[in-house]
Structure formats: C-alpha cells, structure tokens
Amino acid sequence: MNMDRTSLVPALKNIATRLRIDSVRSTSEAGSGHPTSCMSMADVTAALFFAEMRFDPKDPKNPESDRFVLSKGHAAPILYSAWAEAGAFDRAELMKLREIGSDLEGHPTPRLPFVDVATGSLGQGICAAIGTALNARRIKSDYRTYVLLGDGESAEGSVWEAADVAALDKLDNLCGITDVNALGQSRPTMWEHDMGQFERRWKAFGWHAIVIDGHDMAQILDAFAEAKATKGQPTMILARTIKGKGVSFVEGKNGWHGKPFKKGEELDRAIAELEKQFVPAEGDSGADLAARIPKPASKPRGVDTPKPVAAPAYKKGDLVATREAFGTALAKLGEADLRVVALDADVKNSTFSDRFEAIAPDRFFQNFIAEQVMVGAAMGLAARARSPSRPRSRAS
Ligand SMILES: Cc1ncc(C[n+]2csc(CCOP(=O)(O)OP(=O)(O)O)c2C)c(N)n1
C-alpha cells in the first residue's frame with residue numbers, strides 16, 4: 001500500500017506513540033529498563049521501520065534484507081516493540097520483557113531472529129554494522145545497514161575507529177543515526193545539544209552528516225532519502241531529540257535514565273499523556289503497516305558448501321613458527337570455504353594472513369591499527385555470512 005506524505009506522517013506519528021507506550025508499559029511491568037532512552041528515538045524508529053527499511057518481518061534473516069543494529073542496546077524495549085508492530089511476533093509478548101524464560105532480554109541478543117549481534121556494551125554496535133555493510137559488498141547485495149547510537153555512546157573510541165574505517169571503505173550502504181538527547185546515564189553528555197560539535201566531527205571523519213530535529217517526521221524522512229542518495233561515503237543523521245519525549249514530567253530531565261515509571265499513579269499519568277498524542281490517521285493498524293513494509297527482492301542464492309582441500313604438507317620434525325602455521329591454515333580454510341573471511345589490523349605480514357589475502361582479496365578486510373572495529377566488524381560479517389536459516393514464528 002503506497003501512502004503520500006500527508007497520510008504517511010500522521011500514521012508514523014501514531015506508530016511512534018504506540019512504540020513509546022509499549023516501551024513505558026513493558027519496562028514498568030519488568031520493574032527495570034530504560035523507557036526514556038526509548039522515547040527519544042521513537043520517531044526515528046517509526047520512520048525507519050515503516051517508511052525506510054526493506055525487510056520481511058516473518059523472514060528477518062533474508063540475505064537481501066536491510067539490517068538494523070541498535071548500538072545503544074539498552075533501548076531494547078523499543079526495538080522489540082517495533083518488530084511486534086511490524087508483525088514479527090505477538091505484541092502481548094512485550095510484557096514478558098526481562099522475564100526469565102523470555103528471549104526479550106534487557107539488551108538484544110541474537111537468540112532473537114531479528115537481532116544480528118548482541119549490543120549493550122556501548123560503542124560496539126557501530127563496529128558490527130561495518131561488518132554487515134561489508135558483507136553486502138561481499139555477497140553483491142544492495143541491502144542497506146542502519147545503526148542507531150546514543151550521543152553519550154559517541155564518546156567511545158571504538159565509534160571513531162568505526163567512523164574512520166567506514167569512510168575509508170566508502171560504505172555508502174551504511175547509515176548511522178545518533179539520538180542526540182543530550183543526557184547520558186548520570187549527567188548531561190559531553191556536547192549536550194551542541195549539534196555543530198557532532199556535525200563537524202562526523203564530517204571531519206569523511207561522513208556525510210545531516211542535522212535534523214529528531215521529532216519532526218518530515219525531516220526524518222527527508223534525511224533518510226538524502227542518505228540513500230549519497231554515494232561514495234557513509235551518512236550520519238544527527239537527530240536532536242528530547243530524552244523522555246512524550247511525558248511532560250520526565251522530558252529532558254536528568255535523573256530518569258534507566259528508571260521505569262512506577263506502577264500506579266506515575267505510570268497511569270505517563271500513559272494518559274501519551275494516549276492523548278494519537279492524531280487522526282488512515283491505515284495505521286498493525287496489519288496495514290506490515291503490508292506496507294517493502295519486502296526485499298528474493299534472489300536465488302546457492303549454499304556455499306565447503307569443498308575438501310589437502311591439509312598443509314608438514315613432515316614430522318618440520319619446524320614451523322606458530323604464526324606461519326596459522327597463516328597457512330587460514331589460507332587453506334579460505335580456499336575450502338567461500339564463507340570464510342579474514343580481517344587484519346596491519347599485521348598481515350607477521351601473522352601470515354597475507355596468504356589468505358593472496359588467495360581471496362575480496363574476502364580480506366583491512367582495518368589498519370584499529371582492533372576494536374576489526375573485532376566488531378568480524379562479528380557483523382559472521383552474523384551475515386551464515387547460510388540463510390528458517391524464520392522462527394515467535395520471539396520468545
Ligand atoms: C561500554 C559501556 N559503558 C557504560 C555502559 C553503561 N551505560 C548504559 S547506558 C549509558 C548512558 C548512555 O547514554 P546515551 O548514549 O546518551 O544513551 P541514551 O541517553 O539515549 O540512553 C551508560 C553509561 C555501557 N552499557 N557500556
């Protein structure tokens with residue numbers, strides 16, 4: 001179902017309101033979690049899932065699907081809510097957040113079919129997103145990778161290692177969004193709402209940077225369109241937002257990080273305020289929305305079956321340095337199995353992984369002396385390199 005902007009914007013706003021309500025309710029039910037961190041990113045999430053990404057909620061591992069990495073993993077409740085809204089699983093499951101026995105943990109894990117990599121240790125998600133973006137090149141797919149970070153998270157050194165490598169690799173299939181809500185865990189963030197600081201940094205690292213009001217749906221949609229049209233460099237959308245957006249007594253207030261609303265008067269007040277924010281809109285029921293999500297093209301892809309190769313021909317008594325044996329074995333594995341990739345941090349001539357590069361240059365990824373992004377990217381590549389697996393019917 002296609003919708004023009006005038007119908008789309010109110011429908012997306014209502015989704016954002018539902019995502020906020022779910023995040024508030026599920027964290028209150030759990031008695032823990034980060035509702036205010038979810039509320040700042042609700043508008044961006046609604047636009048991303050229901051007007052930007054191509055994916056099939058029932059087949060999240062489809063090799064041609066766009067990828068989403070929630071780098072600020074503590075905002076997991078809104079990720080779960082978005083997938084439930086899209087029809088991946090029953091919305092009632094959301095109320096099992098953080099229960100023993102539910103896969104809807106406090107931070108996302110790949111036990112969930114729609115999560116590629118575990119996030120929550122801040123600064124790692126963007127590195128993994130480099131891996132999923134590189135994988136698109138490896139398998140010659142036009143899928144895009146989206147990664148959402150916190151502004152507090154952006155102080156992590158690994159974020160800037162990732163920024164460097166993505167620019168060097170000209171990953172124009174990668175789009176970051178920074179949720180600049182100006183608050184961290186215990187205090188305001190380093191640059192608070194000084195958007196120019198973020199913009200200058202990302203531009204200096206070679207990214208296309210777009211500053212927007214992260215609660216203005218039209219600006220969000222325009223920014224995603226601009227990112228998609230940007231060639232030769234990755235894009236970072238810097239969304240100025242308000243932490244706790246939607247509930248007046250927490251909006252922009254320090255001291256509400258990682259605090260659910262207390263059941264009873266506090267929760268009821270929050271929900272009542274949010275429910276007032278629904279606007280008249282057509283076609284925003286769950287089924288309408290899921291039907292509107294563009295599905296990825298299905299391309300026939302063979303399974304890369306490993307082929308037998310001869311083991312390295314060592315003779316008893318040969319003296320071979322461990323690192324050289326490693327390089328030789330790695331090259332053999334690469335020859336046998338096309339899914340094997342290798343990443344290096346400027347030590348390929350010590351580890352002999354240059355032997356792998358010689359036989360499979362298109363599966364060898366150089367990260368220079370940036371080991372954090374190298375390890376994270378390896379995680380992203382590993383998550384996508386597996387053969388397509390069957391979709392699971394429920395989340396927990
Ligand atoms: C590596 C790491 N350090 C510290 C933390 C603890 N922590 C969790 S959330 C958070 C604040 C994050 O702030 P920000 O990135 O701005 O996110 P938001 O305000 O949207 O919650 C901190 C310090 C963590 N999860 N990972």
# chains A, B, ... in the order shown; residues from 1 in each chain; ligands from 1
>>> residues_around(residues="stretch 243-255 of chain A", least_positions_apart="3", cutoff="10 Å", atoms="only C-alpha atoms", output="number ranges by chain")
A: 16-17, 20-21, 24, 34-43, 179-188, 215, 240, 258-259, 261, 266, 269-277
>>> write_last_selection(atoms="C-alpha atoms", output="PDB file, in the first residue's frame")
ATOM      1  CA  ALA A  16       5.854   6.401  17.389  1.00  0.00           C
ATOM      2  CA  THR A  17       3.270   6.994  20.109  1.00  0.00           C
ATOM      3  CA  ARG A  20       6.539   4.894  23.382  1.00  0.00           C
ATOM      4  CA  ILE A  21       3.539   3.378  25.139  1.00  0.00           C
ATOM      5  CA  VAL A  24       6.787   2.559  29.035  1.00  0.00           C
ATOM      6  CA  HIS A  34      15.266   2.359  30.051  1.00  0.00           C
ATOM      7  CA  PRO A  35      11.964   3.908  28.922  1.00  0.00           C
ATOM      8  CA  THR A  36      13.272   7.467  28.486  1.00  0.00           C
ATOM      9  CA  SER A  37      16.086   6.260  26.190  1.00  0.00           C
ATOM     10  CA  CYS A  38      13.407   4.624  24.020  1.00  0.00           C
ATOM     11  CA  MET A  39      11.129   7.638  23.971  1.00  0.00           C
ATOM     12  CA  SER A  40      13.729   9.967  22.435  1.00  0.00           C
ATOM     13  CA  MET A  41      14.260   7.621  19.464  1.00  0.00           C
ATOM     14  CA  ALA A  42      10.615   6.667  18.858  1.00  0.00           C
ATOM     15  CA  ASP A  43      10.004   8.959  15.871  1.00  0.00           C
ATOM     16  CA  ASP A 179      19.977  10.070  19.011  1.00  0.00           C
ATOM     17  CA  VAL A 180      21.274  13.350  20.437  1.00  0.00           C
ATOM     18  CA  ASN A 181      19.087  13.624  23.531  1.00  0.00           C
ATOM     19  CA  ALA A 182      21.780  15.496  25.473  1.00  0.00           C
ATOM     20  CA  LEU A 183      21.612  13.201  28.526  1.00  0.00           C
ATOM     21  CA  GLY A 184      23.686  10.173  29.463  1.00  0.00           C
ATOM     22  CA  GLN A 185      23.339   7.917  32.486  1.00  0.00           C
ATOM     23  CA  SER A 186      24.293  10.195  35.386  1.00  0.00           C
ATOM     24  CA  ARG A 187      24.556  13.655  33.793  1.00  0.00           C
ATOM     25  CA  PRO A 188      24.318  15.674  30.594  1.00  0.00           C
ATOM     26  CA  HIS A 215      10.915  14.591  16.388  1.00  0.00           C
ATOM     27  CA  ARG A 240      18.315  16.401  18.020  1.00  0.00           C
ATOM     28  CA  GLY A 258      17.238   3.523  33.419  1.00  0.00           C
ATOM     29  CA  LYS A 259      14.186   4.199  35.568  1.00  0.00           C
ATOM     30  CA  PHE A 261       7.642   4.503  35.700  1.00  0.00           C
ATOM     31  CA  GLU A 266       3.096   7.560  37.909  1.00  0.00           C
ATOM     32  CA  ARG A 269      -0.168   9.624  34.283  1.00  0.00           C
ATOM     33  CA  ALA A 270       2.504   8.800  31.697  1.00  0.00           C
ATOM     34  CA  ILE A 271       0.184   6.576  29.664  1.00  0.00           C
ATOM     35  CA  ALA A 272      -2.669   9.092  29.811  1.00  0.00           C
ATOM     36  CA  GLU A 273      -0.380  11.800  28.415  1.00  0.00           C
ATOM     37  CA  LEU A 274       0.885   9.534  25.647  1.00  0.00           C
ATOM     38  CA  GLU A 275      -2.571   8.374  24.646  1.00  0.00           C
ATOM     39  CA  LYS A 276      -3.601  11.982  24.086  1.00  0.00           C
ATOM     40  CA  GLN A 277      -0.910  12.223  21.397  1.00  0.00           C
TER      41      GLN A 277
END
>>> select_by_dssp(residues="stretch 69-237 of chain A", states="helix (DSSP H, G or I)", output="short mmCIF file (atom, residue, chain, number, x, y, z; two decimals) with N, CA and C atoms, in the first residue's frame")
data_model
loop_
_atom_site.label_atom_id
_atom_site.label_comp_id
_atom_site.auth_asym_id
_atom_site.auth_seq_id
_atom_site.Cartn_x
_atom_site.Cartn_y
_atom_site.Cartn_z
N GLY A 73 22.13 -0.49 22.95
CA GLY A 73 21.31 -1.70 23.17
C GLY A 73 20.37 -1.62 24.36
N HIS A 74 20.65 -0.69 25.29
CA HIS A 74 19.76 -0.58 26.47
C HIS A 74 18.36 -0.11 26.07
N ALA A 75 18.21 0.41 24.85
CA ALA A 75 16.87 0.82 24.39
C ALA A 75 16.13 -0.36 23.75
N ALA A 76 16.49 -1.57 24.14
CA ALA A 76 15.89 -2.79 23.59
C ALA A 76 14.35 -2.79 23.57
N PRO A 77 13.68 -2.26 24.59
CA PRO A 77 12.20 -2.36 24.56
C PRO A 77 11.58 -1.75 23.31
N ILE A 78 12.15 -0.69 22.79
CA ILE A 78 11.54 -0.08 21.59
C ILE A 78 11.88 -0.91 20.34
N LEU A 79 13.01 -1.56 20.36
CA LEU A 79 13.35 -2.46 19.25
C LEU A 79 12.33 -3.60 19.20
N TYR A 80 12.03 -4.17 20.36
CA TYR A 80 11.07 -5.28 20.42
C TYR A 80 9.68 -4.79 20.00
N SER A 81 9.34 -3.59 20.44
CA SER A 81 8.03 -3.04 20.11
C SER A 81 7.90 -2.83 18.60
N ALA A 82 8.96 -2.33 17.97
CA ALA A 82 8.91 -2.09 16.51
C ALA A 82 8.71 -3.40 15.76
N TRP A 83 9.41 -4.46 16.19
CA TRP A 83 9.27 -5.75 15.50
C TRP A 83 7.89 -6.34 15.74
N ALA A 84 7.35 -6.13 16.95
CA ALA A 84 6.00 -6.63 17.22
C ALA A 84 5.00 -5.85 16.37
N GLU A 85 5.18 -4.55 16.29
CA GLU A 85 4.29 -3.70 15.48
C GLU A 85 4.33 -4.15 14.01
N ALA A 86 5.52 -4.55 13.56
CA ALA A 86 5.67 -4.99 12.16
C ALA A 86 5.06 -6.38 11.94
N ARG A 91 2.25 -8.93 20.05
CA ARG A 91 2.53 -7.79 20.91
C ARG A 91 2.45 -8.15 22.42
N ALA A 92 1.60 -9.11 22.77
CA ALA A 92 1.45 -9.49 24.18
C ALA A 92 2.78 -9.96 24.79
N GLU A 93 3.67 -10.48 23.93
CA GLU A 93 4.98 -10.96 24.40
C GLU A 93 5.79 -9.83 25.05
N LEU A 94 5.52 -8.59 24.60
CA LEU A 94 6.33 -7.46 25.09
C LEU A 94 6.27 -7.34 26.61
N MET A 95 5.16 -7.77 27.17
CA MET A 95 5.00 -7.65 28.62
C MET A 95 5.84 -8.68 29.37
N LYS A 96 6.52 -9.56 28.61
CA LYS A 96 7.41 -10.54 29.27
C LYS A 96 8.86 -10.04 29.29
N GLY A 125 28.13 -1.67 18.62
CA GLY A 125 27.14 -1.89 17.57
C GLY A 125 27.56 -1.28 16.24
N ILE A 126 28.13 -0.10 16.29
CA ILE A 126 28.52 0.55 15.02
C ILE A 126 29.65 -0.24 14.35
N CYS A 127 30.50 -0.88 15.15
CA CYS A 127 31.58 -1.69 14.56
C CYS A 127 30.97 -2.91 13.86
N ALA A 128 29.97 -3.52 14.50
CA ALA A 128 29.31 -4.67 13.89
C ALA A 128 28.58 -4.26 12.61
N ALA A 129 28.04 -3.04 12.62
CA ALA A 129 27.34 -2.55 11.43
C ALA A 129 28.28 -2.40 10.24
N ILE A 130 29.54 -2.10 10.51
CA ILE A 130 30.54 -2.05 9.43
C ILE A 130 30.62 -3.45 8.80
N GLY A 131 30.59 -4.46 9.66
CA GLY A 131 30.66 -5.84 9.17
C GLY A 131 29.47 -6.21 8.31
N THR A 132 28.26 -5.83 8.73
CA THR A 132 27.10 -6.21 7.91
C THR A 132 27.10 -5.41 6.60
N ALA A 133 27.61 -4.18 6.66
CA ALA A 133 27.70 -3.38 5.42
C ALA A 133 28.74 -3.97 4.47
N LEU A 134 29.86 -4.41 5.02
CA LEU A 134 30.89 -5.04 4.17
C LEU A 134 30.36 -6.34 3.57
N ASN A 135 29.54 -7.04 4.36
CA ASN A 135 29.00 -8.31 3.86
C ASN A 135 28.12 -8.09 2.62
N ALA A 136 27.39 -6.96 2.62
CA ALA A 136 26.54 -6.67 1.45
C ALA A 136 27.41 -6.62 0.19
N ARG A 137 28.59 -6.01 0.34
CA ARG A 137 29.51 -5.98 -0.80
C ARG A 137 29.99 -7.37 -1.17
N ARG A 138 30.29 -8.15 -0.12
CA ARG A 138 30.84 -9.49 -0.34
C ARG A 138 29.86 -10.35 -1.13
N GLU A 153 27.09 7.57 24.03
CA GLU A 153 27.87 6.47 23.47
C GLU A 153 28.97 6.97 22.53
N SER A 154 28.70 8.10 21.89
CA SER A 154 29.64 8.59 20.87
C SER A 154 30.97 9.03 21.46
N ALA A 155 31.09 9.01 22.80
CA ALA A 155 32.40 9.32 23.40
C ALA A 155 33.34 8.11 23.31
N GLY A 157 35.86 5.43 22.02
CA GLY A 157 36.88 5.44 20.97
C GLY A 157 36.54 4.52 19.80
N SER A 158 35.86 3.41 20.10
CA SER A 158 35.55 2.45 19.03
C SER A 158 34.62 3.07 17.99
N VAL A 159 33.81 4.04 18.42
CA VAL A 159 32.91 4.71 17.46
C VAL A 159 33.75 5.42 16.39
N TRP A 160 34.85 5.99 16.84
CA TRP A 160 35.66 6.77 15.89
C TRP A 160 36.58 5.88 15.07
N GLU A 161 36.93 4.72 15.61
CA GLU A 161 37.62 3.73 14.77
C GLU A 161 36.68 3.31 13.64
N ALA A 162 35.43 3.08 14.01
CA ALA A 162 34.44 2.66 13.01
C ALA A 162 34.22 3.77 11.99
N ALA A 163 34.17 5.01 12.47
CA ALA A 163 33.96 6.15 11.56
C ALA A 163 35.05 6.19 10.50
N ASP A 164 36.29 5.99 10.94
CA ASP A 164 37.44 6.02 10.03
C ASP A 164 37.34 4.93 8.97
N VAL A 165 37.11 3.70 9.45
CA VAL A 165 37.13 2.55 8.53
C VAL A 165 35.97 2.64 7.53
N ALA A 166 34.80 3.06 8.01
CA ALA A 166 33.64 3.14 7.11
C ALA A 166 33.88 4.19 6.02
N ALA A 167 34.53 5.29 6.39
CA ALA A 167 34.80 6.33 5.39
C ALA A 167 35.84 5.83 4.39
N LEU A 168 36.88 5.18 4.92
CA LEU A 168 37.93 4.67 4.04
C LEU A 168 37.35 3.66 3.05
N MET A 195 24.77 20.73 18.33
CA MET A 195 24.75 19.86 17.14
C MET A 195 25.97 20.10 16.24
N GLY A 196 26.47 21.33 16.25
CA GLY A 196 27.64 21.66 15.42
C GLY A 196 28.86 20.83 15.78
N GLN A 197 29.00 20.50 17.08
CA GLN A 197 30.14 19.68 17.51
C GLN A 197 30.08 18.30 16.84
N PHE A 198 28.88 17.73 16.83
CA PHE A 198 28.72 16.41 16.20
C PHE A 198 28.93 16.50 14.70
N GLU A 199 28.31 17.50 14.11
CA GLU A 199 28.37 17.64 12.66
C GLU A 199 29.83 17.79 12.19
N ARG A 200 30.59 18.65 12.87
CA ARG A 200 31.98 18.87 12.46
C ARG A 200 32.79 17.59 12.59
N ARG A 201 32.56 16.85 13.68
CA ARG A 201 33.33 15.62 13.88
C ARG A 201 33.04 14.59 12.77
N TRP A 202 31.77 14.34 12.50
CA TRP A 202 31.45 13.30 11.51
C TRP A 202 31.93 13.73 10.12
N LYS A 203 31.80 15.01 9.83
CA LYS A 203 32.29 15.49 8.52
C LYS A 203 33.81 15.33 8.44
N ALA A 204 34.48 15.66 9.54
CA ALA A 204 35.95 15.55 9.54
C ALA A 204 36.38 14.10 9.31
N MET A 217 8.80 14.43 11.76
CA MET A 217 8.73 13.27 10.87
C MET A 217 9.16 13.60 9.44
N ALA A 218 8.77 14.76 8.94
CA ALA A 218 9.13 15.12 7.56
C ALA A 218 10.65 15.26 7.44
N GLN A 219 11.28 15.86 8.44
CA GLN A 219 12.75 16.00 8.39
C GLN A 219 13.43 14.63 8.46
N ILE A 220 12.85 13.74 9.25
CA ILE A 220 13.44 12.39 9.37
C ILE A 220 13.38 11.67 8.01
N LEU A 221 12.21 11.74 7.38
CA LEU A 221 12.04 11.05 6.08
C LEU A 221 12.97 11.65 5.03
N ASP A 222 13.09 12.98 5.03
CA ASP A 222 13.99 13.63 4.06
C ASP A 222 15.44 13.20 4.28
N ALA A 223 15.81 13.10 5.56
CA ALA A 223 17.20 12.73 5.87
C ALA A 223 17.50 11.31 5.37
N PHE A 224 16.56 10.39 5.56
CA PHE A 224 16.79 9.02 5.07
C PHE A 224 16.91 9.00 3.55
N ALA A 225 16.08 9.82 2.89
CA ALA A 225 16.15 9.87 1.42
C ALA A 225 17.50 10.44 0.98
N GLU A 226 17.96 11.46 1.68
CA GLU A 226 19.27 12.08 1.34
C GLU A 226 20.40 11.07 1.57
N ALA A 227 20.29 10.30 2.66
CA ALA A 227 21.34 9.30 2.96
C ALA A 227 21.40 8.27 1.83
N LYS A 228 20.24 7.84 1.39
CA LYS A 228 20.18 6.81 0.34
C LYS A 228 20.76 7.34 -0.97
N ALA A 229 20.60 8.62 -1.20
CA ALA A 229 21.09 9.20 -2.46
C ALA A 229 22.57 9.57 -2.39
#
>>> residues_around(residues="A:Ala336", least_positions_apart="4", cutoff="12 Å", atoms="only C-alpha atoms", output="VMD selection string")
chain A and resid 304 to 311 329 to 332 340 to 341 356 359 to 360
>>> closest_residue(among="A:Arg355, A:His257, A:Arg384, A:Arg98", to="ligand 1", atoms="only C-alpha atoms and all ligand atoms")
A:His257
>>> closest_residue(among="A:Asp362, A:Asp194, A:Asp169, A:Glu156", to="ligand 1", atoms="only C-alpha atoms and all ligand atoms")
A:Glu156
>>> closest_residue(among="A:Gly283, A:Gly302, A:Gly232, A:Gly214", to="A:Ala46", atoms="only C-alpha atoms")
A:Gly214
>>> residues_around(residues="A:Ala281", least_positions_apart="3", cutoff="10 Å", atoms="only C-alpha atoms", output="PyMOL selection string")
chain A and resi 6-14+278+284-285
>>> write_last_selection(atoms="all heavy atoms", output="compact mmCIF listing (two decimals), in the first residue's frame")
# COMPACT_ATOMS: atom_id res chain seq x y z
N THR A 6 1.21 13.30 3.20
CA THR A 6 0.20 13.84 4.12
C THR A 6 -0.48 12.73 4.93
O THR A 6 -0.86 12.95 6.07
CB THR A 6 -0.89 14.65 3.37
OG1 THR A 6 -0.89 14.28 2.01
CG2 THR A 6 -0.75 16.13 3.55
N SER A 7 -0.62 11.56 4.35
CA SER A 7 -1.20 10.46 5.12
C SER A 7 -0.13 9.73 5.93
O SER A 7 -0.39 9.24 7.03
CB SER A 7 -1.85 9.42 4.21
OG SER A 7 -2.59 10.04 3.22
N LEU A 8 1.07 9.66 5.34
CA LEU A 8 2.14 8.89 5.98
C LEU A 8 2.59 9.50 7.31
O LEU A 8 2.75 8.79 8.31
CB LEU A 8 3.34 8.81 5.01
CG LEU A 8 4.55 8.01 5.46
CD1 LEU A 8 4.18 6.55 5.69
CD2 LEU A 8 5.68 8.09 4.43
N VAL A 9 2.75 10.82 7.33
CA VAL A 9 3.30 11.46 8.54
C VAL A 9 2.42 11.21 9.78
O VAL A 9 2.93 10.75 10.80
CB VAL A 9 3.60 12.96 8.28
CG1 VAL A 9 3.87 13.71 9.57
CG2 VAL A 9 4.80 13.07 7.34
N PRO A 10 1.10 11.45 9.72
CA PRO A 10 0.30 11.15 10.93
C PRO A 10 0.30 9.67 11.29
O PRO A 10 0.32 9.32 12.47
CB PRO A 10 -1.11 11.63 10.58
CG PRO A 10 -1.12 11.98 9.13
CD PRO A 10 0.29 12.11 8.68
N ALA A 11 0.32 8.79 10.27
CA ALA A 11 0.35 7.35 10.58
C ALA A 11 1.65 7.00 11.31
O ALA A 11 1.64 6.25 12.30
CB ALA A 11 0.24 6.54 9.29
N LEU A 12 2.77 7.57 10.86
CA LEU A 12 4.05 7.30 11.52
C LEU A 12 4.08 7.88 12.93
O LEU A 12 4.64 7.29 13.86
CB LEU A 12 5.22 7.86 10.70
CG LEU A 12 5.49 7.17 9.36
CD1 LEU A 12 6.60 7.89 8.60
CD2 LEU A 12 5.88 5.70 9.55
N LYS A 13 3.46 9.05 13.08
CA LYS A 13 3.43 9.66 14.42
C LYS A 13 2.68 8.75 15.39
O LYS A 13 3.06 8.60 16.55
CB LYS A 13 2.72 11.02 14.37
CG LYS A 13 3.62 12.12 13.85
CD LYS A 13 2.92 13.45 14.00
CE LYS A 13 3.83 14.58 13.56
NZ LYS A 13 3.12 15.83 13.35
N ASN A 14 1.61 8.15 14.90
CA ASN A 14 0.85 7.24 15.78
C ASN A 14 1.65 5.99 16.12
O ASN A 14 1.56 5.48 17.23
CB ASN A 14 -0.48 6.87 15.12
CG ASN A 14 -1.46 8.02 15.17
OD1 ASN A 14 -1.23 9.01 15.88
ND2 ASN A 14 -2.55 7.93 14.43
N PHE A 278 -2.23 10.60 20.13
CA PHE A 278 -2.67 9.99 18.87
C PHE A 278 -3.37 11.05 18.04
O PHE A 278 -4.10 11.90 18.57
CB PHE A 278 -3.62 8.81 19.14
CG PHE A 278 -2.89 7.58 19.59
CD1 PHE A 278 -3.07 7.06 20.87
CD2 PHE A 278 -1.99 6.93 18.73
CE1 PHE A 278 -2.38 5.93 21.28
CE2 PHE A 278 -1.31 5.79 19.14
CZ PHE A 278 -1.50 5.29 20.42
N ASP A 284 -3.24 2.98 9.84
CA ASP A 284 -2.08 2.73 10.70
C ASP A 284 -2.30 1.57 11.65
O ASP A 284 -1.67 1.47 12.68
CB ASP A 284 -1.64 4.00 11.45
CG ASP A 284 -2.60 4.37 12.57
OD1 ASP A 284 -3.71 3.83 12.60
OD2 ASP A 284 -2.22 5.21 13.41
N SER A 285 -3.20 0.65 11.30
CA SER A 285 -3.35 -0.53 12.13
C SER A 285 -2.14 -1.44 11.86
O SER A 285 -1.46 -1.28 10.86
CB SER A 285 -4.63 -1.28 11.77
OG SER A 285 -4.44 -1.98 10.58
